[in-house]
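> Structure in structure tokens, see below.
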Amino acid sequence: MSTTGAELIAAKLAAAGARMAYGIPGGEVLAIVDALDRAGVRFVLTKHETAAGFFAEGGWHATGAPGILVATLGPGLANAVNAIANAHQDRVPLIVLTGCVDAADAETYTHQVFDHQALLAPIVKASFRATRGSLDRMLDKALTALWDGQPGPIHIDVPIGVAEGDTDETAGPVPAHPAPSVPAPGADLDTARGWLAGSHQPLAIAGVDAVNDAAGEAIRAFCEAHGVPLVTTYKGKGLIDEDHPLALGGAGLSPKADALLKPLVDAADLVLLLGYDPIEMRIGWREPWPAGKHVVEIAPAARYHGMHATSVLLRGAVGPTLEALARDVPARETWPDGEPASVRSALREQFTAGEAWGPAQVFATVRAGLPKEAVATADSGAHRILFSQMWTTHHPRTVLQSTALCTMGCAVPIAAGYKLQHPNAPVVAFVGDAGLEMALGELATIRDLGLGLVIVVLVDESLALIELKQRGQQRPSVGVEFGATDFPAVARALGGHGVWIDDAETLAVELDAALGRDTFTVLAARIDRRAYDGTF
């Protein structure tokens, strides 16, 4: 039997581990959707292509398999740009398949036609146009780019004629993932090892690359052996259990946390950057240490960000490189005056729930009502900063958010994508009222999928973080206030359950009930306007 181009593409992507595709079909991708389905890749219809990309991210965190975003030409791809940009900045492996007209037609037909590759060039690792006769070789290059160095999105534009036409090619073996690399013995490794052996006040900062390297256990063992307290980015939360005495929690957006952590960075005589990508950090973490400080960076690729200087770059996978760095360096006590423990205690005191009802009470109540392994997602906004400082995280990939692009509208579809892969896992999405209004259509998707997802929406009828910035700059509040939405009624209309929440006791009861439902629940927590003032 003959094989079409779409069938070859689908077979190769399935062999590469892809099991889920998300998007909205259009006439130009019908052959692709059909081929994916017959190759064992389930297609999930979403209500918006941006949400499809975030569904794919949630599924990747749950399984380790890359997701596929399918978008038709023109407006389909244009809708997907935000999710693709997020995958690029947040280091998410995402396979983007788009349909396009054949080259000859593009010369005389312009309806919905523009240059997909030109649009995506700044936000994908690589972009390809499928061509009959070289499909397998193109797919090898695309899959290699997907994982090389830092993972990210790759794009394949598939002309209708290539997708639907026959090909005499066959799909070859999938390119192997590169083996974890370790720096070769030499001067840089010796220098870094000497600094570690002589350090009395070492400090580590870990981020997204350490998560993608599954380096949590290696980091925990290293920190324990060498007395190294650990700060993480928000994406790195849970690399070591945040109940661990060496864990100082996440950092990146909170001025109150920075006021405690930055002096500790100043006091450190050695800073170790463990898969730390400063794309997750705000401007306060630009040049966060003085010139001349010993800074050792472990990273999968050279950095060109200009955010900070390093003394030594050990290019390689985080876990194996840490083991090489620590070889023959004896374990020892550090920080004789106990500053990290004091900072850890002060951080706990700064970010407590208190007795007054508000966002801090919401986060504390939900955390208390969920098991340690629960997965939480957070949308962008004021709530995310407070949540990320308060939420105690015990395992990596159990706090999911957009930390580099910081886009709104991500929390609900990321949570749904995770829940789809692990239906019995407790998963909760935290979102502001404006963010939920961006993603309301996906409640219907979640209903159709039968997912018992818990959505906590903090309702203050404002863009609280932007309004806070306006006040900080002594500007009037313009464009940040909006009317009330009856979220419980909307949830019921879309096939779920919804309830208003005005106190911690009601929240605890309704959370417990929501965890037992086989449909989604919206817990609409009403909070005061300016409830975030002074909290982070």
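Labeling convention for the structure tokens: chains A, B, ... as they appear, residues from 1 per chain, ligands from 1 in order of appearance.
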Using only C-alpha atoms, find each residue in stretch 449-482 of chain A having at least one atom no more than 10 Å away from stretch 357-370 of chain A; report its shortest atom-to-atom pair and that distance in Å (one decimal), rows by chain then rising number, as JSON lines.


```
{"residue": "A:Val456", "atom": "CA", "partner": "A:Val362", "partner_atom": "CA", "distance": 8.7}
{"residue": "A:Val457", "atom": "CA", "partner": "A:Val362", "partner_atom": "CA", "distance": 9.9}
{"residue": "A:Leu458", "atom": "CA", "partner": "A:Pro359", "partner_atom": "CA", "distance": 7.3}
{"residue": "A:Val459", "atom": "CA", "partner": "A:Pro359", "partner_atom": "CA", "distance": 9.7}
```

> Quick one: residues within 9 Å of A:Asp518, only C-alpha atoms counted, chain neighbours fewer than 3 positions away excluded, as a ChimeraX atom specification?

/A:450-453,514-515

> Each residue of stretch 127-241 of chain A with at least one atom at most 9 Å from stretch 279-285 of chain A should appear once, together with its nearest atom pair and the corresponding distance in Å (one decimal); atoms considered: only C-alpha atoms; ordering: chain, then increasing residue number; output as a Markdown table.


```
| residue | atom | partner | partner_atom | distance |
| --- | --- | --- | --- | --- |
| A:Gly207 | CA | A:Glu280 | CA | 8.2 |
| A:Val208 | CA | A:Glu280 | CA | 8.3 |
| A:Thr233 | CA | A:Glu280 | CA | 6.8 |
| A:Tyr234 | CA | A:Glu280 | CA | 7.8 |
| A:Lys235 | CA | A:Glu280 | CA | 7.9 |
```

> Take the residues from that selection and put them in a file with C-alpha atoms, as a PDB file, in the first residue's frame.


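Here's the written file again-v3.pdb:
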```pdb
ATOM      1  CA  GLY A 207      16.307  26.595  37.474  1.00  0.00           C
ATOM      2  CA  VAL A 208      14.541  25.185  34.459  1.00  0.00           C
ATOM      3  CA  THR A 233      13.472  29.905  40.234  1.00  0.00           C
ATOM      4  CA  TYR A 234       9.711  29.444  40.331  1.00  0.00           C
ATOM      5  CA  LYS A 235       9.985  26.758  37.650  1.00  0.00           C
TER       6      LYS A 235
END
```

> Between atom CA of A:Ala18 and atom CA of A:His155, what distance in Å does the model show, to one decimal?

14.7 Å

> Tell me which protein, DNA and RNA residues are within 9 Å of A:His383, counting only C-alpha atoms, leaving out same-chain ones fewer than 5 positions away, and put them as a PyMOL selection string.

chain A and resi 359-360+378+388+430-432+458+464-465+532

> Write a file of the just-selected residues containing C-alpha atoms, as a CSV table (one decimal), in the first residue's frame.


```csv
chain,number,residue,atom,x,y,z
A,359,PRO,CA,-5.3,35.4,48.8
A,360,ALA,CA,-2.8,34.2,51.4
A,378,ALA,CA,-0.6,29.4,38.5
A,388,SER,CA,5.0,31.0,44.4
A,430,PHE,CA,-5.0,29.1,40.4
A,431,VAL,CA,-6.1,32.0,38.2
A,432,GLY,CA,-7.2,35.6,38.5
A,458,LEU,CA,-9.4,34.9,42.8
A,464,ALA,CA,-4.4,43.8,40.4
A,465,LEU,CA,-0.7,43.6,39.6
A,532,TYR,CA,-2.3,42.0,47.5
```

> Check which residues of stretch 122-168 of chain A sit at most 10 Å from stretch 300-307 of chain A using only C-alpha atoms, and return one row each with the closest pair of atoms and their distance in Å to one decimal, ordered by chain and rising number, as CSV.


```
residue,atom,partner,partner_atom,distance
A:Asp148,CA,A:Pro300,CA,8.9
A:Gly149,CA,A:Pro300,CA,5.4
A:Gln150,CA,A:Pro300,CA,6.8
```

> Produce a file of the selected residues containing N, CA and C atoms, as an mmCIF file, in the first residue's frame.


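Below you can see out-v6.cif, which holds the result:
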```cif
data_model
loop_
_atom_site.group_PDB
_atom_site.id
_atom_site.type_symbol
_atom_site.label_atom_id
_atom_site.label_comp_id
_atom_site.auth_asym_id
_atom_site.auth_seq_id
_atom_site.Cartn_x
_atom_site.Cartn_y
_atom_site.Cartn_z
ATOM 1 N N ASP A 148 17.894 19.298 21.392
ATOM 2 C CA ASP A 148 19.293 19.691 21.497
ATOM 3 C C ASP A 148 19.476 20.867 22.450
ATOM 4 N N GLY A 149 20.446 20.748 23.384
ATOM 5 C CA GLY A 149 20.683 21.822 24.338
ATOM 6 C C GLY A 149 19.492 22.006 25.246
ATOM 7 N N GLN A 150 18.854 23.137 25.131
ATOM 8 C CA GLN A 150 17.605 23.370 25.847
ATOM 9 C C GLN A 150 16.440 22.986 24.938
#
```

> Using only C-alpha atoms for the distances, tell me which of A:Lys47, A:Arg19, A:Arg530, A:Arg193 is nearest to A:Gly67.

A:Arg19

> Excluding stretch 320-331 of chain A and any residue of its chain fewer than 4 positions from it, enumerate the residues within 9 Å of it, using only C-alpha atoms, and give them as a list in words.

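My list of contacting residues is Pro180, Ser181, Val182, Pro183, Pro185, Leu189, Asp190, Ala192, Arg193, Gly194, Leu196, Ala197, Ala215, Ala218, Ile219, Phe222, Glu224, Ala225, His226, Gly227, Leu274, Ile298, Leu314, Arg315 and Gly316 of chain A.
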
> Pull N, CA and C atoms from the residues just selected and write them as a compact mmCIF listing (two decimals), in the first residue's frame.


```
# COMPACT_ATOMS: atom_id res chain seq x y z
N PRO A 180 23.73 12.29 28.27
CA PRO A 180 24.12 13.37 29.20
C PRO A 180 25.62 13.61 29.14
N SER A 181 26.01 14.84 28.96
CA SER A 181 27.42 15.18 28.79
C SER A 181 28.01 15.65 30.11
N VAL A 182 29.31 15.46 30.24
CA VAL A 182 30.07 15.90 31.41
C VAL A 182 31.31 16.63 30.91
N PRO A 183 31.67 17.75 31.52
CA PRO A 183 32.87 18.45 31.07
C PRO A 183 34.11 17.56 31.18
N PRO A 185 37.90 16.53 31.99
CA PRO A 185 38.86 17.01 32.99
C PRO A 185 39.74 18.12 32.41
N LEU A 189 37.41 22.62 35.41
CA LEU A 189 36.87 21.71 36.41
C LEU A 189 37.75 21.72 37.66
N ASP A 190 39.04 21.75 37.49
CA ASP A 190 39.95 21.80 38.64
C ASP A 190 39.76 23.09 39.44
N ALA A 192 37.04 25.02 39.59
CA ALA A 192 35.75 24.97 40.28
C ALA A 192 35.81 24.03 41.48
N ARG A 193 36.48 22.90 41.34
CA ARG A 193 36.60 21.95 42.44
C ARG A 193 37.39 22.56 43.60
N GLY A 194 38.44 23.30 43.28
CA GLY A 194 39.21 23.96 44.32
C GLY A 194 38.40 25.01 45.06
N LEU A 196 35.15 25.00 45.43
CA LEU A 196 34.19 24.29 46.27
C LEU A 196 34.86 23.79 47.53
N ALA A 197 36.04 23.19 47.41
CA ALA A 197 36.74 22.66 48.58
C ALA A 197 37.08 23.75 49.58
N ALA A 215 17.42 16.58 37.57
CA ALA A 215 18.61 16.62 38.43
C ALA A 215 18.29 16.80 39.90
N ALA A 218 20.26 14.54 42.38
CA ALA A 218 21.68 14.87 42.38
C ALA A 218 21.93 16.19 43.11
N ILE A 219 21.05 17.15 42.93
CA ILE A 219 21.19 18.44 43.62
C ILE A 219 21.02 18.26 45.12
N PHE A 222 24.14 16.62 46.55
CA PHE A 222 25.26 17.56 46.54
C PHE A 222 25.11 18.61 47.64
N GLU A 224 23.41 18.50 50.40
CA GLU A 224 23.57 17.90 51.73
C GLU A 224 25.04 17.63 52.05
N ALA A 225 25.77 17.09 51.07
CA ALA A 225 27.16 16.73 51.32
C ALA A 225 28.05 17.93 51.54
N HIS A 226 27.72 19.05 50.90
CA HIS A 226 28.62 20.20 50.93
C HIS A 226 28.01 21.42 51.60
N GLY A 227 26.90 21.22 52.30
CA GLY A 227 26.32 22.30 53.08
C GLY A 227 25.91 23.50 52.25
N LEU A 274 23.03 26.08 38.90
CA LEU A 274 22.74 24.70 38.52
C LEU A 274 21.57 24.68 37.55
N ILE A 298 26.78 25.57 35.71
CA ILE A 298 26.58 24.30 35.02
C ILE A 298 25.36 24.47 34.13
N LEU A 314 30.84 25.20 33.24
CA LEU A 314 30.98 23.76 33.04
C LEU A 314 29.80 23.33 32.20
N ARG A 315 30.05 23.12 30.94
CA ARG A 315 28.96 22.82 30.02
C ARG A 315 28.65 21.32 30.05
N GLY A 316 27.41 21.01 30.49
CA GLY A 316 27.02 19.61 30.56
C GLY A 316 25.72 19.45 31.31
```

> Give me the residues within 10 Å of stretch 420-423 of chain A as a list in words, counting only C-alpha atoms and dropping any in the same chain fewer than 5 places off.

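The neighbour list is Met20, Phe55, Gly58, Gly59, Trp60, His61, Ala62, Thr63, Ile414, Ala415, Ile446, Leu449, Gly450, Leu451, Gly452, Leu453 and Asp518 of chain A.
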
> In Å, rounded to a single decimal, give me how far atom CA of A:Pro175 is from atom CA of A:Ala130.

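Separation between atom CA of A:Ala130 and atom CA of A:Pro175: 18.0 Å.
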
> Nearest to A:Glu339: which of A:Ala214, A:Leu270, A:Val478, A:Leu203 is it, counting only C-alpha atoms?

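Answer, going by the shortest atom-to-atom distance: A:Leu203.
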
> Please give the complete set of residues from stretch 357-393 of chain A that DSSP, run on the backbone, assigns to strand (DSSP E), formatted as a list in words.

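So the strand (DSSP E) residues in stretch 357-393 of chain A would be Val375, Ala376, Thr377 and Ala378 of chain A.
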
> Based on the backbone DSSP call, show me all residues of stretch 385-439 of chain A assigned helix (DSSP H, G or I), as a list in words.

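The residues of stretch 385-439 of chain A classed as helix (DSSP H, G or I) are Ile385, Leu386, Phe387, Ser388, Gln389, Met390, Ala411, Val412, Pro413, Ile414, Ala415, Ala416, Gly417, Tyr418, Lys419, Leu420, Gln421, Asp433, Ala434, Gly435, Leu436, Glu437 and Met438 of chain A.
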
> With N, CA and C atoms retained, export the selected residues as a CSV table (one decimal), in the first residue's frame.


```csv
chain,number,residue,atom,x,y,z
A,385,ILE,N,2.7,35.7,42.2
A,385,ILE,CA,3.9,36.0,43.0
A,385,ILE,C,3.7,35.5,44.4
A,386,LEU,N,2.6,35.8,45.0
A,386,LEU,CA,2.3,35.4,46.4
A,386,LEU,C,2.2,33.9,46.5
A,387,PHE,N,1.5,33.3,45.6
A,387,PHE,CA,1.4,31.8,45.5
A,387,PHE,C,2.8,31.2,45.5
A,388,SER,N,3.7,31.7,44.6
A,388,SER,CA,5.0,31.0,44.4
A,388,SER,C,5.9,31.1,45.6
A,389,GLN,N,5.7,32.2,46.4
A,389,GLN,CA,6.4,32.3,47.6
A,389,GLN,C,5.8,31.4,48.8
A,390,MET,N,4.5,31.3,48.8
A,390,MET,CA,3.9,30.6,49.9
A,390,MET,C,3.8,29.1,49.7
A,411,ALA,N,-2.8,28.9,32.9
A,411,ALA,CA,-2.9,27.9,34.1
A,411,ALA,C,-4.0,26.9,33.9
A,412,VAL,N,-5.1,27.2,33.3
A,412,VAL,CA,-6.2,26.3,33.2
A,412,VAL,C,-5.9,25.2,32.1
A,413,PRO,N,-5.4,25.6,30.9
A,413,PRO,CA,-5.1,24.5,30.0
A,413,PRO,C,-3.9,23.7,30.4
A,414,ILE,N,-2.9,24.3,31.0
A,414,ILE,CA,-1.7,23.5,31.5
A,414,ILE,C,-2.2,22.4,32.5
A,415,ALA,N,-3.1,22.9,33.4
A,415,ALA,CA,-3.6,21.9,34.4
A,415,ALA,C,-4.4,20.8,33.7
A,416,ALA,N,-5.2,21.2,32.8
A,416,ALA,CA,-6.1,20.3,32.1
A,416,ALA,C,-5.2,19.3,31.3
A,417,GLY,N,-4.2,19.7,30.6
A,417,GLY,CA,-3.3,18.8,29.9
A,417,GLY,C,-2.6,17.8,30.8
A,418,TYR,N,-2.3,18.3,32.0
A,418,TYR,CA,-1.7,17.3,33.0
A,418,TYR,C,-2.7,16.3,33.5
A,419,LYS,N,-3.9,16.8,33.8
A,419,LYS,CA,-5.0,16.0,34.3
A,419,LYS,C,-5.4,15.0,33.3
A,420,LEU,N,-5.4,15.3,32.0
A,420,LEU,CA,-5.8,14.4,31.0
A,420,LEU,C,-4.9,13.2,31.0
A,421,GLN,N,-3.6,13.4,31.3
A,421,GLN,CA,-2.7,12.2,31.3
A,421,GLN,C,-2.7,11.5,32.6
A,433,ASP,N,-9.4,36.6,38.0
A,433,ASP,CA,-10.6,36.6,37.2
A,433,ASP,C,-10.4,37.0,35.8
A,434,ALA,N,-9.5,37.9,35.5
A,434,ALA,CA,-9.2,38.3,34.1
A,434,ALA,C,-8.6,37.1,33.3
A,435,GLY,N,-7.7,36.4,34.0
A,435,GLY,CA,-7.1,35.3,33.3
A,435,GLY,C,-8.1,34.2,33.0
A,436,LEU,N,-9.0,33.9,33.9
A,436,LEU,CA,-10.0,32.9,33.7
A,436,LEU,C,-11.0,33.3,32.5
A,437,GLU,N,-11.3,34.6,32.5
A,437,GLU,CA,-12.1,35.1,31.4
A,437,GLU,C,-11.4,34.9,30.0
A,438,MET,N,-10.1,35.0,30.0
A,438,MET,CA,-9.4,34.7,28.8
A,438,MET,C,-9.6,33.2,28.3
```

> Restricting the calculation to only C-alpha atoms, which member of A:Ser311, A:Thr232, A:Gln89, A:Thr4 is positioned closest to A:Val162?

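Nearest candidate to A:Val162 out of A:Ser311, A:Thr232, A:Gln89, A:Thr4: A:Thr4.
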